[in-house]
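Next up, work_19.cif (mmCIF, C-alpha atoms):
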data_target
loop_
_atom_site.label_atom_id
_atom_site.label_comp_id
_atom_site.auth_asym_id
_atom_site.auth_seq_id
_atom_site.Cartn_x
_atom_site.Cartn_y
_atom_site.Cartn_z
CA MET T 1 -75.70 -113.48 -246.03
CA ARG T 2 -77.38 -114.77 -242.92
CA ASN T 3 -74.63 -117.34 -242.29
CA GLU T 4 -72.00 -114.62 -242.62
CA ARG T 5 -73.81 -112.42 -240.09
CA SER T 6 -74.24 -115.38 -237.75
CA ASN T 7 -70.51 -116.16 -237.94
CA GLN T 8 -69.67 -112.52 -237.18
CA THR T 9 -71.97 -112.57 -234.15
CA GLU T 10 -70.38 -115.78 -232.90
CA ALA T 11 -66.94 -114.16 -233.26
CA VAL T 12 -68.14 -111.14 -231.28
CA LEU T 13 -69.51 -113.31 -228.47
CA TRP T 14 -66.36 -115.43 -228.30
CA THR T 15 -64.25 -112.26 -228.17
CA GLY T 16 -66.09 -111.31 -224.98
CA ILE T 17 -65.61 -114.77 -223.48
CA VAL T 18 -61.87 -114.90 -224.22
CA THR T 19 -61.40 -111.34 -222.97
CA ASP T 20 -63.16 -112.10 -219.68
CA PHE T 21 -60.99 -115.17 -219.11
CA ALA T 22 -57.81 -113.22 -219.94
CA LEU T 23 -58.79 -110.37 -217.62
CA ALA T 24 -59.62 -112.87 -214.87
CA VAL T 25 -56.11 -114.33 -215.10
CA PHE T 26 -54.52 -110.88 -215.22
CA LYS T 27 -56.46 -109.49 -212.26
CA GLY T 28 -56.02 -112.68 -210.25
CA ILE T 29 -52.23 -112.64 -210.62
CA ALA T 30 -52.07 -108.88 -210.00
CA GLY T 31 -54.29 -109.14 -206.92
CA TYR T 32 -52.15 -111.91 -205.45
CA LEU T 33 -48.82 -110.15 -206.12
CA LEU T 34 -50.04 -106.68 -205.10
CA ASN T 35 -51.88 -107.84 -201.96
CA SER T 36 -55.39 -106.80 -203.04
CA LYS T 37 -58.29 -109.08 -202.12
CA ALA T 38 -60.68 -106.77 -203.94
CA LEU T 39 -58.77 -107.23 -207.19
CA MET T 40 -58.82 -111.01 -206.70
CA ALA T 41 -62.59 -110.84 -206.13
CA ASP T 42 -62.94 -108.84 -209.34
CA ALA T 43 -60.97 -111.56 -211.12
CA MET T 44 -63.45 -114.11 -209.81
CA TYR T 45 -66.33 -112.04 -211.19
CA SER T 46 -64.68 -111.84 -214.62
CA SER T 47 -64.22 -115.60 -214.66
CA ALA T 48 -67.86 -116.01 -213.57
CA SER T 49 -69.01 -113.84 -216.49
CA ALA T 50 -66.88 -115.82 -218.93
CA ALA T 51 -68.10 -119.16 -217.53
CA SER T 52 -71.78 -118.15 -217.75
CA LEU T 53 -71.38 -116.93 -221.34
CA LEU T 54 -69.47 -120.09 -222.24
CA ALA T 55 -72.24 -122.23 -220.77
CA ASP T 56 -74.75 -120.39 -222.98
CA ARG T 57 -72.64 -121.13 -226.07
CA LEU T 58 -72.36 -124.87 -225.36
CA PRO T 59 -75.52 -125.86 -227.31
CA HIS T 60 -74.00 -124.20 -230.40
CA LEU T 61 -70.71 -126.09 -230.26
CA ARG T 62 -70.35 -128.87 -232.81
CA ILE T 63 -69.91 -131.57 -230.19
CA PHE T 64 -73.32 -130.71 -228.73
CA GLY T 65 -74.95 -129.72 -232.00
CA ARG T 66 -74.68 -133.30 -233.24
CA ARG T 67 -76.92 -134.41 -230.40
CA ASN T 68 -79.84 -132.09 -231.15
CA ALA T 69 -81.77 -134.70 -233.08
CA GLU T 70 -81.22 -137.30 -230.36
CA ARG T 71 -82.28 -134.89 -227.60
CA SER T 72 -85.45 -134.05 -229.49
CA LYS T 73 -86.52 -137.69 -229.23
CA GLN T 74 -85.80 -137.86 -225.52
CA GLY T 75 -88.07 -136.96 -222.67
CA PRO T 76 -87.52 -134.29 -220.03
CA SER T 77 -84.11 -135.67 -219.04
CA MET T 78 -81.48 -133.06 -218.22
CA GLN T 79 -79.22 -132.20 -221.14
CA SER T 80 -75.46 -132.53 -220.86
CA GLU T 81 -74.85 -128.80 -221.41
CA SER T 82 -77.29 -128.03 -218.56
CA VAL T 83 -75.24 -130.24 -216.25
CA ILE T 84 -72.06 -128.43 -217.29
CA SER T 85 -73.77 -125.06 -216.77
CA ILE T 86 -74.78 -126.07 -213.24
CA LEU T 87 -71.24 -127.28 -212.55
CA PHE T 88 -69.85 -123.92 -213.69
CA ALA T 89 -72.36 -122.09 -211.50
CA VAL T 90 -71.50 -124.19 -208.42
CA LEU T 91 -67.79 -123.53 -208.92
CA ILE T 92 -68.53 -119.82 -209.29
CA MET T 93 -70.49 -119.75 -206.03
CA MET T 94 -67.78 -121.70 -204.20
CA GLY T 95 -65.12 -119.27 -205.45
CA GLY T 96 -67.21 -116.27 -204.41
CA LEU T 97 -67.82 -117.81 -200.99
CA GLN T 98 -64.11 -118.48 -200.52
CA ILE T 99 -63.22 -114.88 -201.44
CA GLY T 100 -65.90 -113.58 -199.07
CA VAL T 101 -64.68 -115.72 -196.16
CA SER T 102 -61.07 -114.66 -196.78
CA ALA T 103 -62.08 -110.99 -196.86
CA PHE T 104 -64.15 -111.34 -193.68
CA GLN T 105 -61.25 -112.95 -191.83
CA THR T 106 -59.12 -109.84 -192.28
CA PHE T 107 -61.38 -107.95 -189.85
CA SER T 108 -60.34 -110.22 -186.99
CA SER T 109 -56.68 -110.79 -187.88
CA GLY T 110 -55.24 -107.44 -186.96
CA VAL T 111 -54.44 -104.48 -189.20
CA PRO T 112 -53.94 -105.77 -192.78
CA GLU T 113 -51.26 -104.59 -195.15
CA ALA T 114 -52.42 -101.95 -197.63
CA PRO T 115 -52.42 -102.98 -201.31
CA ASP T 116 -49.66 -101.69 -203.55
CA LYS T 117 -50.45 -98.59 -205.58
CA THR T 118 -49.89 -100.60 -208.77
CA ALA T 119 -53.10 -102.49 -207.98
CA LEU T 120 -55.06 -99.34 -208.80
CA LEU T 121 -53.34 -99.16 -212.17
CA ALA T 122 -54.17 -102.83 -212.85
CA VAL T 123 -57.85 -102.18 -212.15
CA LEU T 124 -57.92 -99.18 -214.49
CA ILE T 125 -56.20 -101.10 -217.30
CA SER T 126 -58.63 -104.01 -217.02
CA LEU T 127 -61.57 -101.59 -216.90
CA ALA T 128 -60.39 -99.88 -220.09
CA ILE T 129 -59.97 -103.20 -221.92
CA ASN T 130 -63.37 -104.41 -220.76
CA GLU T 131 -65.03 -101.17 -221.89
CA ALA T 132 -63.39 -101.36 -225.32
CA VAL T 133 -64.61 -104.92 -225.87
CA PHE T 134 -68.09 -103.96 -224.67
CA GLN T 135 -68.29 -101.07 -227.13
CA TYR T 136 -67.29 -103.47 -229.92
CA GLN T 137 -70.00 -105.92 -228.90
CA TYR T 138 -72.61 -103.21 -228.36
CA HIS T 139 -72.20 -101.59 -231.77
CA HIS T 140 -72.30 -104.96 -233.55
CA MET T 141 -75.39 -106.16 -231.66
CA LYS T 142 -77.20 -102.86 -232.12
CA LYS T 143 -76.37 -102.74 -235.83
CA ASN T 144 -77.78 -106.23 -236.37
CA ARG T 145 -80.65 -105.74 -233.91
CA ASP T 146 -79.58 -108.84 -232.04
CA HIS T 147 -81.91 -110.02 -229.27
CA ARG T 148 -78.93 -110.65 -226.96
CA LEU T 149 -78.09 -106.95 -226.68
CA GLN T 150 -80.09 -106.56 -223.45
CA SER T 151 -78.20 -109.41 -221.80
CA ILE T 152 -74.86 -107.93 -222.88
CA LEU T 153 -75.89 -104.60 -221.36
CA GLU T 154 -76.92 -106.21 -218.08
CA ASN T 155 -73.68 -108.20 -217.79
CA HIS T 156 -71.61 -105.11 -218.50
CA ARG T 157 -73.53 -103.04 -215.96
CA PHE T 158 -72.76 -105.42 -213.09
CA ALA T 159 -69.14 -105.81 -214.25
CA LEU T 160 -68.88 -102.03 -214.12
CA TYR T 161 -70.33 -102.01 -210.61
CA CYS T 162 -67.65 -104.48 -209.52
CA SER T 163 -64.80 -102.50 -211.09
CA ILE T 164 -65.96 -99.22 -209.52
CA THR T 165 -66.28 -100.93 -206.13
CA VAL T 166 -62.76 -102.32 -206.45
CA ILE T 167 -61.32 -98.94 -207.50
CA ILE T 168 -62.86 -97.21 -204.49
CA GLY T 169 -61.77 -99.97 -202.10
CA VAL T 170 -58.18 -100.13 -203.38
CA PHE T 171 -57.79 -96.34 -203.47
CA LEU T 172 -59.14 -95.75 -199.95
CA SER T 173 -57.11 -98.61 -198.52
CA PHE T 174 -53.93 -97.36 -200.22
CA ILE T 175 -54.23 -93.75 -199.04
CA SER T 176 -55.07 -95.00 -195.55
CA GLY T 177 -51.87 -97.02 -195.43
CA VAL T 178 -49.80 -94.09 -196.72
CA TYR T 179 -51.35 -91.07 -194.97
CA PHE T 180 -53.30 -92.41 -191.99
CA ASP T 181 -50.92 -95.04 -190.55
CA GLY T 182 -53.18 -97.94 -191.50
CA TYR T 183 -56.30 -97.22 -189.47
CA GLY T 184 -59.96 -97.13 -190.47
CA LEU T 185 -59.91 -97.03 -194.26
CA ILE T 186 -57.24 -99.75 -194.45
CA TYR T 187 -60.08 -102.29 -194.37
CA MET T 188 -61.83 -100.86 -197.44
CA ASP T 189 -60.02 -103.25 -199.76
CA SER T 190 -61.51 -106.17 -197.82
CA VAL T 191 -64.92 -104.47 -197.73
CA ALA T 192 -64.83 -104.10 -201.52
CA ALA T 193 -63.80 -107.75 -201.84
CA LEU T 194 -66.76 -108.78 -199.66
CA ILE T 195 -69.20 -106.77 -201.81
CA VAL T 196 -67.86 -108.21 -205.06
CA ALA T 197 -67.95 -111.71 -203.57
CA CYS T 198 -71.68 -111.25 -202.93
CA LEU T 199 -72.15 -110.26 -206.58
CA VAL T 200 -70.24 -113.37 -207.65
CA ILE T 201 -72.49 -115.60 -205.54
CA ARG T 202 -75.53 -113.83 -206.98
CA LYS T 203 -74.32 -114.50 -210.53
CA GLY T 204 -73.78 -118.18 -209.77
CA TYR T 205 -77.25 -118.48 -208.24
CA ILE T 206 -78.89 -116.87 -211.28
CA SER T 207 -76.99 -119.23 -213.58
CA ILE T 208 -78.30 -122.23 -211.66
CA ILE T 209 -81.87 -120.93 -211.81
CA HIS T 210 -81.63 -120.44 -215.58
CA SER T 211 -80.03 -123.85 -216.12
CA VAL T 212 -82.50 -125.85 -214.02
CA TYR T 213 -85.78 -124.07 -214.59
CA GLY T 214 -85.28 -121.81 -217.60
CA THR T 215 -87.97 -119.23 -218.27
CA LEU T 216 -91.26 -120.71 -219.39
CA THR T 217 -93.27 -118.31 -221.52
CA GLU T 218 -96.53 -120.19 -221.92
CA GLU T 219 -98.65 -117.68 -220.01
CA LYS T 220 -96.89 -114.66 -221.49
CA ARG T 221 -96.47 -114.74 -225.25
CA HIS T 222 -92.88 -114.70 -226.41
CA GLU T 223 -91.97 -111.71 -228.57
CA PHE T 224 -90.90 -113.97 -231.47
CA GLU T 225 -93.83 -116.40 -231.22
CA PRO T 226 -95.72 -114.93 -234.23
CA GLU T 227 -92.56 -115.30 -236.34
CA PHE T 228 -92.14 -118.89 -235.14
CA MET T 229 -95.74 -119.69 -236.05
CA ASP T 230 -95.46 -118.10 -239.49
CA THR T 231 -92.25 -120.02 -240.25
CA ILE T 232 -93.76 -123.37 -239.23
CA GLN T 233 -96.94 -122.81 -241.22
CA ARG T 234 -94.92 -122.13 -244.38
CA VAL T 235 -93.43 -125.65 -244.32
CA HIS T 236 -94.96 -127.78 -247.07
CA GLY T 237 -97.16 -130.51 -245.63
CA VAL T 238 -98.15 -128.72 -242.42
CA ILE T 239 -101.91 -128.23 -242.05
CA THR T 240 -102.11 -126.67 -238.58
CA VAL T 241 -99.83 -125.92 -235.64
CA GLU T 242 -101.41 -127.75 -232.72
CA LYS T 243 -98.95 -126.60 -230.05
CA LEU T 244 -96.00 -124.24 -229.70
CA LYS T 245 -94.18 -124.00 -226.37
CA VAL T 246 -91.24 -121.63 -225.94
CA GLN T 247 -88.69 -122.12 -223.16
CA GLU T 248 -86.18 -119.33 -222.70
CA TYR T 249 -82.95 -119.88 -220.78
CA GLY T 250 -79.43 -118.61 -220.29
CA GLN T 251 -77.84 -115.21 -219.92
CA VAL T 252 -78.12 -114.44 -223.65
CA ARG T 253 -81.76 -115.46 -224.04
CA GLN T 254 -81.55 -118.71 -226.00
CA VAL T 255 -84.81 -120.62 -226.50
CA ASN T 256 -85.93 -124.21 -226.91
CA LEU T 257 -89.10 -124.89 -228.88
CA GLU T 258 -91.58 -127.71 -228.52
CA VAL T 259 -93.78 -127.93 -231.62
CA MET T 260 -96.71 -130.18 -232.52
CA VAL T 261 -98.09 -129.98 -236.08
CA SER T 262 -100.83 -131.86 -237.89
CA VAL T 263 -100.47 -133.24 -241.41
CA ASN T 264 -102.57 -135.12 -243.94
CA PRO T 265 -103.59 -138.53 -242.52
CA ARG T 266 -102.34 -140.08 -245.78
CA THR T 267 -98.82 -138.93 -244.95
CA SER T 268 -96.41 -141.82 -244.46
CA VAL T 269 -94.17 -142.11 -241.42
CA LEU T 270 -91.09 -141.33 -243.54
CA GLU T 271 -92.73 -138.21 -244.97
CA ALA T 272 -93.73 -137.10 -241.46
CA GLN T 273 -90.11 -137.43 -240.32
CA GLU T 274 -88.98 -135.33 -243.29
CA ILE T 275 -91.52 -132.62 -242.43
CA ALA T 276 -90.33 -132.57 -238.82
CA GLU T 277 -86.72 -132.29 -239.95
CA ARG T 278 -87.56 -129.41 -242.32
CA ILE T 279 -89.29 -127.56 -239.48
CA ARG T 280 -86.34 -128.11 -237.17
CA LYS T 281 -83.74 -126.94 -239.69
CA LEU T 282 -85.77 -123.93 -240.82
CA LEU T 283 -86.29 -122.65 -237.26
CA THR T 284 -82.68 -123.13 -236.16
CA HIS T 285 -81.27 -121.51 -239.31
CA ARG T 286 -83.68 -118.60 -239.52
CA PHE T 287 -83.58 -117.64 -235.81
CA MET T 288 -80.18 -117.42 -234.11
CA LEU T 289 -81.81 -117.46 -230.68
CA VAL T 290 -83.32 -120.95 -231.28
CA SER T 291 -81.03 -123.54 -229.74
CA ASP T 292 -83.09 -126.72 -230.07
CA VAL T 293 -86.45 -127.76 -231.54
CA LYS T 294 -88.52 -130.80 -230.61
CA VAL T 295 -91.14 -131.56 -233.26
CA SER T 296 -94.10 -133.94 -232.97
CA VAL T 297 -96.23 -134.81 -236.01
CA VAL T 298 -99.83 -136.01 -235.69
CA PRO T 299 -102.52 -136.72 -238.33
CA TYR T 300 -105.00 -133.94 -238.95
CA ASP T 301 -108.41 -134.74 -237.49
CA PRO T 302 -111.24 -132.58 -238.88
CA GLY T 303 -113.71 -134.37 -236.64
CA TYR T 304 -117.13 -135.91 -237.32
CA PRO T 305 -118.81 -135.99 -239.86
CA TYR T 306 -115.82 -135.23 -242.13
CA LYS T 307 -113.40 -137.89 -240.89
CA SER T 308 -113.38 -141.11 -242.88
CA ASN T 309 -110.93 -143.99 -242.94
CA PHE T 310 -112.69 -145.91 -245.72
CA ASP T 311 -110.55 -144.52 -248.56
CA LEU T 312 -107.32 -145.22 -246.69
CA MET T 313 -107.68 -149.00 -246.70
CA ASP T 314 -106.13 -149.44 -250.17
CA ASN T 315 -102.89 -147.69 -249.20
CA ASP T 316 -100.14 -150.24 -248.47
CA SER T 317 -97.52 -147.74 -247.28
CA PRO T 318 -97.34 -147.17 -243.51
CA THR T 319 -99.13 -144.00 -242.45
CA LEU T 320 -99.40 -142.09 -239.20
CA PRO T 321 -101.53 -143.88 -236.54
CA GLN T 322 -104.95 -142.34 -236.14
#
Just dump the structure as structure tokens.
Amino acid sequence: MRNERSNQTEAVLWTGIVTDFALAVFKGIAGYLLNSKALMADAMYSSASAASLLADRLPHLRIFGRRNAERSKQGPSMQSESVISILFAVLIMMGGLQIGVSAFQTFSSGVPEAPDKTALLAVLISLAINEAVFQYQYHHMKKNRDHRLQSILENHRFALYCSITVIIGVFLSFISGVYFDGYGLIYMDSVAALIVACLVIRKGYISIIHSVYGTLTEEKRHEFEPEFMDTIQRVHGVITVEKLKVQEYGQVRQVNLEVMVSVNPRTSVLEAQEIAERIRKLLTHRFMLVSDVKVSVVPYDPGYPYKSNFDLMDNDSPTLPQ
């Protein structure tokens, strides 16, 4: 049942990604053919949204999922999906900067040509499609009480801001070219493009911050930390949870966990590895927001005067170092 719900949620998220990419292509072509810089800027924002969501899904792809166990044994080296996320964010910022510079140049290059009236229709069509996909995602996330609902709402809110800005800019620029001989309001299309370009750069900057630093929640308890603790403590062989560190990252609030548990000092190295693997699998399967888990296993130390190594000398199997 849980796997079926997880697959449905993945399908919902990928629907949003594919839709954003398709709308980016549609608005980009329409903006170029209909002479609307604002529509081209809106296309850049749609591609930025799709790229950021795609970067958040990378840890769940099979090609990266196979490396989870290897990454858990590594130190604080940067993961490959983080590098790709940063690359996406840099490309987003460069695209937004290019759109902004192009829009700014129109103010010093004479009176620009007003966008075609069809550009307004293209914006409205893309807005309707985006709203329909959002309603589909919203109802699914709300029904399943998915933790990523807040991120979906925030992304949609800024996408709506961009679309409204573009509609106003294209409409005012069009009526200026038709009724006011191309003065004053003719520049509103470029003004709208400049505003949307700033939002694109902002989105790229936030993506870089999330990819490089994440959101450490050591000082402030994570909302799912009690559930994490309860799940770990239910694993057979675990005596205590010595450390639990939660690192939240990405636009859809994925988390990495760093766990240290103590086990019976008589536990062999092979048994300790099996316990760590059970913890890792249980957390990643029970919580969809958990992307990766790094587990360390140490022998339980009750302290003096209860600790004694005398009765361990007759055990030939390798045990955890004490």
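Within 12 Å of Thr15 (chain T), once all atoms listed in the file are used and residues closer than 3 positions along the same chain are dropped, the contacting residues are T:Gln8, T:Thr9, T:Glu10, T:Ala11, T:Val12, T:Val18, T:Thr19, T:Asp20, T:Phe21, T:Ala22, T:Ala50, T:Leu53, T:Leu54, T:Ile129, T:Asn130, T:Ala132, T:Val133, T:Phe134, T:Gln135, T:Tyr136, T:Gln137.
Of note, CA of Val293 (chain T) and CA of Thr240 (chain T) are spaced 17.2 Å apart.
Distance annotation: of T:Leu149, T:Arg57, T:Ile86, T:Ala114, the residue with the minimal separation from Ser291 (chain T) is T:Arg57; atom set is all atoms listed in the file.
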With a distance cut-off of 12 Å and only C-alpha atoms, select the neighbouring residues of Ile92 (chain T), excluding the residue or stretch itself and same-chain residues fewer than 4 positions from it, and output the selection as an mmCIF file with C-alpha atoms, in the coordinates of the input.
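That gives us result_14.cif:
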data_model
loop_
_atom_site.group_PDB
_atom_site.id
_atom_site.type_symbol
_atom_site.label_atom_id
_atom_site.label_comp_id
_atom_site.auth_asym_id
_atom_site.auth_seq_id
_atom_site.Cartn_x
_atom_site.Cartn_y
_atom_site.Cartn_z
ATOM 1 C CA ALA T 41 -62.590 -110.840 -206.130
ATOM 2 C CA ALA T 43 -60.970 -111.560 -211.120
ATOM 3 C CA MET T 44 -63.450 -114.110 -209.810
ATOM 4 C CA TYR T 45 -66.330 -112.040 -211.190
ATOM 5 C CA SER T 46 -64.680 -111.840 -214.620
ATOM 6 C CA SER T 47 -64.220 -115.600 -214.660
ATOM 7 C CA ALA T 48 -67.860 -116.010 -213.570
ATOM 8 C CA SER T 49 -69.010 -113.840 -216.490
ATOM 9 C CA ALA T 50 -66.880 -115.820 -218.930
ATOM 10 C CA ALA T 51 -68.100 -119.160 -217.530
ATOM 11 C CA SER T 52 -71.780 -118.150 -217.750
ATOM 12 C CA SER T 85 -73.770 -125.060 -216.770
ATOM 13 C CA ILE T 86 -74.780 -126.070 -213.240
ATOM 14 C CA LEU T 87 -71.240 -127.280 -212.550
ATOM 15 C CA PHE T 88 -69.850 -123.920 -213.690
ATOM 16 C CA GLY T 96 -67.210 -116.270 -204.410
ATOM 17 C CA LEU T 97 -67.820 -117.810 -200.990
ATOM 18 C CA GLN T 98 -64.110 -118.480 -200.520
ATOM 19 C CA ILE T 99 -63.220 -114.880 -201.440
ATOM 20 C CA ALA T 197 -67.950 -111.710 -203.570
ATOM 21 C CA CYS T 198 -71.680 -111.250 -202.930
ATOM 22 C CA LEU T 199 -72.150 -110.260 -206.580
ATOM 23 C CA VAL T 200 -70.240 -113.370 -207.650
ATOM 24 C CA ILE T 201 -72.490 -115.600 -205.540
ATOM 25 C CA ARG T 202 -75.530 -113.830 -206.980
ATOM 26 C CA LYS T 203 -74.320 -114.500 -210.530
ATOM 27 C CA GLY T 204 -73.780 -118.180 -209.770
ATOM 28 C CA TYR T 205 -77.250 -118.480 -208.240
ATOM 29 C CA ILE T 206 -78.890 -116.870 -211.280
ATOM 30 C CA SER T 207 -76.990 -119.230 -213.580
ATOM 31 C CA ILE T 208 -78.300 -122.230 -211.660
#
Taking all listed atoms of region 42-53 of chain T, build the axis-aligned box, pad each of the six sides by 3 Å, then write its centre and edge lengths in Å to one decimal as AutoDock Vina command-line options.
--center_x -66.4 --center_y -114.0 --center_z -215.3 --size_x 16.8 --size_y 16.3 --size_z 18.0
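In this model, the gap between CA of Ser176 (chain T) and CA of Leu127 (chain T) comes to 23.3 Å.
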statement: Ala122 (chain T) proximity check over T:Ile164, T:Ala192, T:Ala276, T:Leu34, using all atoms listed in the file: winner is T:Leu34
- request: Identify all residues satisfying the PyMOL selection byres ((chain T and resi 37) around 10) in the given file; provide them as a PyMOL selection string.
  value: chain T and resi 28+31-32+34-36+38-43+99-100+102-103+106+115+166+169-170+189-194
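The coordinates place CA of Leu91 (chain T) at 27.2 Å from CA of Ala128 (chain T).
Omitting Thr231 (chain T) and its sequence neighbours fewer than 4 positions away, and counting all atoms listed in the file, the residues within 9 Å are T:Pro226, T:Glu227, T:Val235, T:Ile279, T:Leu282, T:Leu283, T:Arg286.
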